[in-house]
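Have a look at the structure below before the remarks.
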Amino acid sequence: MAQLTLKRKLAILSDAAKYDASCASSGTEKRSSLKSGGIGSTEGSGICHAYAPDGRCISLLKILLTNFCVYDCIYCVNRSSSNVERARFSVEEVVSLTLDFYKRNYIEGLFLSSGIIRSPHYTMEELVRVARTLRKEHGFAGYIHLKVIPNADAELLAEAGRWADRLSTNIELPTDAGLAQLAPEKKSDEIRGAMARIHLAQRAAQPEPKSRAKPDNFTPAGQSTQMIVGADGTNDGAILRRAGGLYAGYGLKRVYYSAFSPIPDASSRLPLKPPPLVREHRLYQADWLLRFYGFEVDEIMAGGEDGHLDLTIDPKLAWALKNRQDFPVDVNRASKESLLRVPGLGTKVVERILGTRRHHRLRLEDIGRLVRSLKSVRPFIIADDWSPGGLLDTQHLKARLTPAPQQLSLL
Amino acid sequence: MATVILDALNDVAEWRQKARQLLLAGIAPVEVRWRDPHSESGLFEERQEHLLPVRQPVRSVPAAFLELAEQVVCHTAEHRFDLLYRFLWRLVDDRGLMEAASDPDLAEMRQMASAVRRDSHKMKAFVRFRTVSGASAREQFMAWFEPSHYVLERTAPFFMRRFASMDWAIVTPYRSARWDGQKLQFGPGGKKSDVPSEDAMEEAWKTYYASIFNPARLKVAMMKSEMPVKYWRNLPEAELIVPLVRNARAAENQMVGRAATQPPSRHARQLARQVNEAEAPSEADIASPEDARAAISGCRRCGLYEHATQAVFGEGPQDADIVFVGEQPGDQEDLQGRPFVGPAGQLFDEALVKVGINRERVYVTNAVKHFKFTPRGKRRIHQKPDGGEVSACRFWLDLERSFLKPRITVALGATAAHSLFGKTVTISKSRGQPITDDKGDVLFVTNHPSYLLRIPDKAAAAVEREKFEADLAAIRDYVSRAS
């Protein structure tokens, strides 16, 4: 085979990595190169160094070590039966590319994944070698996210967690039946088993309440996973129930929902059309309601129809429209929990409302200054000078609050 | 009307000191106008320079105000100092004002502060360093950046923490910052031509930017709101945006339109290798405990596999005299893949030690092999398996018992008892002595250790614990008589 240039390899191996949605670089421990003497820092909130025209943040160098793969997952661009062009980076190439990009402030870390070559163990070993070289030989203190190869050895997973800020093991499909069908070599118990091992290691890395000994660091930014939406027939309810189980079981920081995207040289067993991107967006909104707004999956799904979320409006508004008996909520008296259920009031706004009303009573214009738009809030609240009256009960409320379909925006 | 002209564009200490003088002198906001060194002063303005008389005492202001002021002074709006002083004037009389988030002045200051924070954040994101060829042993980099507000001073320490081991300079129109590994220093502003016009890595960076973009997901408005066009002229990758967007549809159609091709020969070789790999035995072919352990990972006899981590098979020596059967794995058992390792398992171990049963010599397992739970936030709440799940899983329990052939099988709790007897068993009536079933197997019934953990009253818990230990002692005695 002809030798590929580094530039060509980079093009192939970043193109191959782009179907993984995660690019988060936040929520890790604080590190500074002033202390380490090397290069790199992390400080709480992540930085998106660029945005691609797909609206996605670029904060990490997201690449595969190789896109050769012995697995044949139907939905994957890198599956062994695909004729996509193949390439492989050496460990040293990834290390120097990461450092060169980092020093120019293009990125704030590395997100390294890989196709499976030779064996899961061998592949994981190569990923760990990149992280170890960056940390130990170059004093790199930037962010590192490694993809976990589920059935690699436990000791390798333990070492990976020592160097990486975050580990992720992709659940891939919302149901085990879907996984068996579309990713025949992957085993759901191995995937969840890896998440469980990571979770146990994270718990072991928490210092004992009364002990002064600090255990070794393990994935300070936690673990995450990704689910492909729309490659099989699973409905939104089953997707969110899967997510709820993963959040509860393995302390996941995030579940990423990735609308199945058309890929070159696609298998004929895939659906012809990708799901609308808005479905992915609604799932993220529902996920937020689960984690930060005290909603249960069944409540959220009650806002939709036939096990699917309503695509035309956000899930909180959908829930509120079907539970009008709980409204209007008085912004001057209501509890935090009920304020969080008002469409258009986010967690920050609710905090501000609670702060302000200690000082004076709130009028509608006060709320107007705190929220982006009063339109969806107004029918659901009572303020000092405002009551929605019949507005809340009108049949046309949903139509009135449904955003007009947007035109495709070009430059 | 007096005019205060500040020496610095964004120095909160300077503003604070001057504001304090005005406040002490009782000069109201309407009587004073603030100017920064960039603003054009009116011809007839009277500059406030002489020391003012102290007319009123001034109390301290909340720390939250000073924190906000530090950000507001970095905004480019000309009236920022007037706004701050007007608010300060009211704040002295009404210290609660900082909490009135809907106050128009406070809301405006908050907006300005947020614009400053955002600009500072975007600076951290969009500065692009270029190498400077020099004689120094340390690597040297420079960047040109045009912030929307006066944020260089508050943002430069970030670059110091991130790039401590390299020399760097950031030049903006109003000021510049320089780091030499020892000291962070600020100097006058400059122009774009002060900084190298290219860098050898930019080609690779643009290759990455173009390749990581997915043309099937065009969301230009989203990109522009996060990477506003005003920053584009100093971003090397931005020149790709227009062509990428223009060609996106064609690129997507090309992706979709490329029909599936014949798999490469590598794939066929791959398939041939996989056939040789050992498959887990199917349920019909199970001939040993090892087969059973391997086969259970694929169990689909009930729906519990879907959300549990893994099937948790029994554990212990194959020639054990006693088999203990619990209900189902709990959170810990599910995560670790081993039975009786959670809190109830620990209590169980302690009780065994107390009555003198060797834990190494007993076999422990569960009536149901997958963990059943409901998720609640970050925790999984245990749920009792239903009759269907228990009877579906009896296949595995029967298999275990047929391989083990123990002297006695102990049901811990009602679920295990139901599974072993095939009917509902009242523990209080059946406990205490071995029961021989119609197949001739010797069974025993007692509580599940987790029941003991759930009794809130300490005295009652102690009583139940004694009963549990008495049952274990009876089991111990039965086994020693039998052998």
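Ordered as shown in the structure tokens, chains take letters A, B, and onward, while each chain numbers its residues from 1 and ligands are numbered from 1 in the order shown.
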Contact residues (chain B, partner chain A, 6 Å, only C-alpha atoms) as an MDAnalysis selection string: chainID B and resid 99:102 125:126 128:129 161:165 211:213 217:220 222:223 255 258:260 263 267 309:310 335 375 377:380
DSSP strand (DSSP E or B) residues within region 145-262 of chain B, listed as a ChimeraX atom specification: /B:167-171,175-179,184-188
Atoms kept (C-alpha atoms) for selection, written as a short mmCIF file (atom, residue, chain, number, x, y, z; two decimals), in the first residue's frame:
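Once everything was written out, this is part-v7.cif:
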```
data_model
loop_
_atom_site.label_atom_id
_atom_site.label_comp_id
_atom_site.auth_asym_id
_atom_site.auth_seq_id
_atom_site.Cartn_x
_atom_site.Cartn_y
_atom_site.Cartn_z
CA ASP B 167 6.92 32.34 25.49
CA TRP B 168 3.92 34.09 24.06
CA ALA B 169 2.47 37.50 23.29
CA ILE B 170 -1.06 38.53 22.48
CA VAL B 171 -1.50 41.85 20.68
CA ARG B 175 -3.13 46.74 24.65
CA SER B 176 -0.77 43.79 24.49
CA ALA B 177 0.26 41.07 26.91
CA ARG B 178 3.53 39.16 27.07
CA TRP B 179 4.69 36.10 29.01
CA LEU B 184 3.10 38.51 32.73
CA GLN B 185 3.51 42.05 31.40
CA PHE B 186 1.21 44.46 29.63
CA GLY B 187 2.25 46.99 26.99
CA PRO B 188 0.70 49.28 24.40
#
```
Selected residue of minimal separation from Ala399 (chain A) among A:Leu340, A:Ile313, A:Ala201, A:Ser335, counting only C-alpha atoms: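 The closest residue to Ala399 (chain A) is A:Ile313.
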